[in-house]
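Asker: Dropping a structure here in structure tokens format, bear with me for questions.
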Amino acid sequence: MTELSIPRPRSLPLRLLRLYTGLVLYGAGIALLVRSGLGLDPWEVFHQGMSVRTGWSIGLCINLVGAAVLLLWIPLRQRPGLGTISNVLVVGTSADGAMALVPAPSAWPVQWAFLIGGIIAIAAASGLYIHAGFGPGPRDGLMTGLNRLGLSIRLARTIVEISVLAVGWVLGGTVGVGTVLFAVTIGPATQVFMRLWAPAGDTATPPGTKPS
């Protein structure tokens, strides 16, 4: 199924509920990964490294980087949607809120529970966000913009994520077993939730597209 042909509810309130639930849950998932201390996904390694160097909260760094990436959309001729703008404002704020409520665990079984819970939360959030159909997040839009310039999505994603991972690690972000576990599980886990959250009954897909 292509990104453009993903079914979404016709009901605007339901789509908005999916959007903002997904964004808040995504931020909470990031908070669990950070609190686990076992390693982060590439972008969060960068955000944490930026936080270490500036003294700003991780959530603020997430929001600021999202806004900066959004500026890169201009030369790439990408158009943001409501979901794109909301992503910049909500995810980092939610991550900071969740970290304020959840202390870092000291026992390793709890650390692993946080890591696995964070991955599951992010996968579930991604399924909700995508099915809402309000546009890609800033970082995903960067990938599709580079794709329009001739790079494959896979190559664009690899270049960008290796770059932010390396810079984030140098800045002091946490790279560990969680980084590897996230990389190998987030795709399959997101696919599971994409199917689980697929809207039943009254749905719409953009005109001229079909599932594939």
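Letters for chains follow the order of the structure tokens (A, B, ...), residue numbers begin at 1 for each chain, and ligand numbers begin at 1 in the order shown.
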Could you pull out the helix (DSSP H, G or I) residues of region 123-195 of chain A from DSSP and send them as JSON, numbers by chain?

Answerer: {"A": [123, 124, 125, 126, 127, 128, 129, 130, 131, 132, 138, 139, 140, 141, 142, 143, 144, 145, 146, 147, 148, 153, 154, 155, 156, 157, 158, 159, 160, 161, 162, 163, 164, 165, 166, 167, 168, 169, 170, 171, 177, 178, 179, 180, 181, 182, 183, 184, 185, 186, 187, 188, 189, 190, 191, 192, 193, 194, 195]}

Asker: For Thr144 (chain A), please output as JSON, numbers by chain all residues within 10 Å (counting only C-alpha atoms; exclusion window: fewer than 5 positions along the same chain).

Answerer: {"A": [73, 76, 78, 136, 139, 149, 150, 151, 152, 153, 156, 157]}

Asker: Can you pull out every residue within 10 Å of Leu60 (chain A), counting only C-alpha atoms, but drop anything in the same chain fewer than 3 positions away, and send it as a PyMOL selection string?

Answerer: chain A and resi 47+50-51+56-57+63-66+88-89+91-93+95-96

Asker: Using only C-alpha atoms, what table do you get, as JSON lines, when you list each residue of region 54-82 of chain A with an atom no more than 10 Å from region 25-42 of chain A, its nearest pair of atoms, and their distance in Å rounded to one decimal, rows by chain then rising number?

Answerer:
{"residue": "A:Ile58", "atom": "CA", "partner": "A:Ala31", "partner_atom": "CA", "distance": 9.1}
{"residue": "A:Gly59", "atom": "CA", "partner": "A:Gly27", "partner_atom": "CA", "distance": 8.3}
{"residue": "A:Ile62", "atom": "CA", "partner": "A:Gly27", "partner_atom": "CA", "distance": 9.6}

Asker: Using only C-alpha atoms for the distances, tell me which of A:Gly127, A:Leu171, A:Gly145, A:Ala107 is nearest to Pro188 (chain A).

Answerer: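 The shortest atom-to-atom distance to Pro188 (chain A) comes from A:Gly127.
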
Asker: Quote the spacing between CA of Asp140 (chain A) and CA of Val177 (chain A) in Å to one decimal place.

Answerer: 24.0 Å

Asker: Compare A:Thr54, A:Gln191, A:Ser11, A:Ser86 by their minimum atom-to-atom distance to Gly137 (chain A), counting only C-alpha atoms, and give me the closest one.

Answerer: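 For Gly137 (chain A), the nearest of the given residues is A:Ser86.
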
Asker: Separation of CA of Gly22 (chain A) and CA of Gly117 (chain A), in Å?

Answerer: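 For CA of Gly22 (chain A) relative to CA of Gly117 (chain A), the distance reads 14.9 Å.
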
Asker: Would you pick out the contacts of Val167 (chain A) at 8 Å or less, using only C-alpha atoms, so that residues sharing its chain but fewer than 4 positions from it are not included, and give the list as a PDB file with N, CA and C atoms, in the first residue's frame?

Answerer:
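What follows is the written file selection-v6.pdb:
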ATOM      1  N   PHE A  46      20.718  12.546  18.388  1.00  0.00           N
ATOM      2  CA  PHE A  46      21.086  13.920  18.028  1.00  0.00           C
ATOM      3  C   PHE A  46      20.427  14.930  18.956  1.00  0.00           C
ATOM      4  N   GLY A  49      22.107  14.775  22.318  1.00  0.00           N
ATOM      5  CA  GLY A  49      23.422  15.398  22.256  1.00  0.00           C
ATOM      6  C   GLY A  49      23.336  16.911  22.232  1.00  0.00           C
ATOM      7  N   SER A 163      24.148  10.309   9.545  1.00  0.00           N
ATOM      8  CA  SER A 163      24.754  11.610   9.836  1.00  0.00           C
ATOM      9  C   SER A 163      24.316  12.137  11.202  1.00  0.00           C
ATOM     10  N   LEU A 171      28.246  14.584  20.198  1.00  0.00           N
ATOM     11  CA  LEU A 171      27.759  15.619  21.114  1.00  0.00           C
ATOM     12  C   LEU A 171      27.436  15.078  22.508  1.00  0.00           C
TER      13      LEU A 171
END

Asker: Using only C-alpha atoms, can you tell me which of A:Met194, A:Ala183, A:Val45, A:Ile85 comes closest to Leu128 (chain A)?

Answerer: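 Going through A:Met194, A:Ala183, A:Val45, A:Ile85 one by one, the smallest distance to Leu128 (chain A) is for A:Met194.
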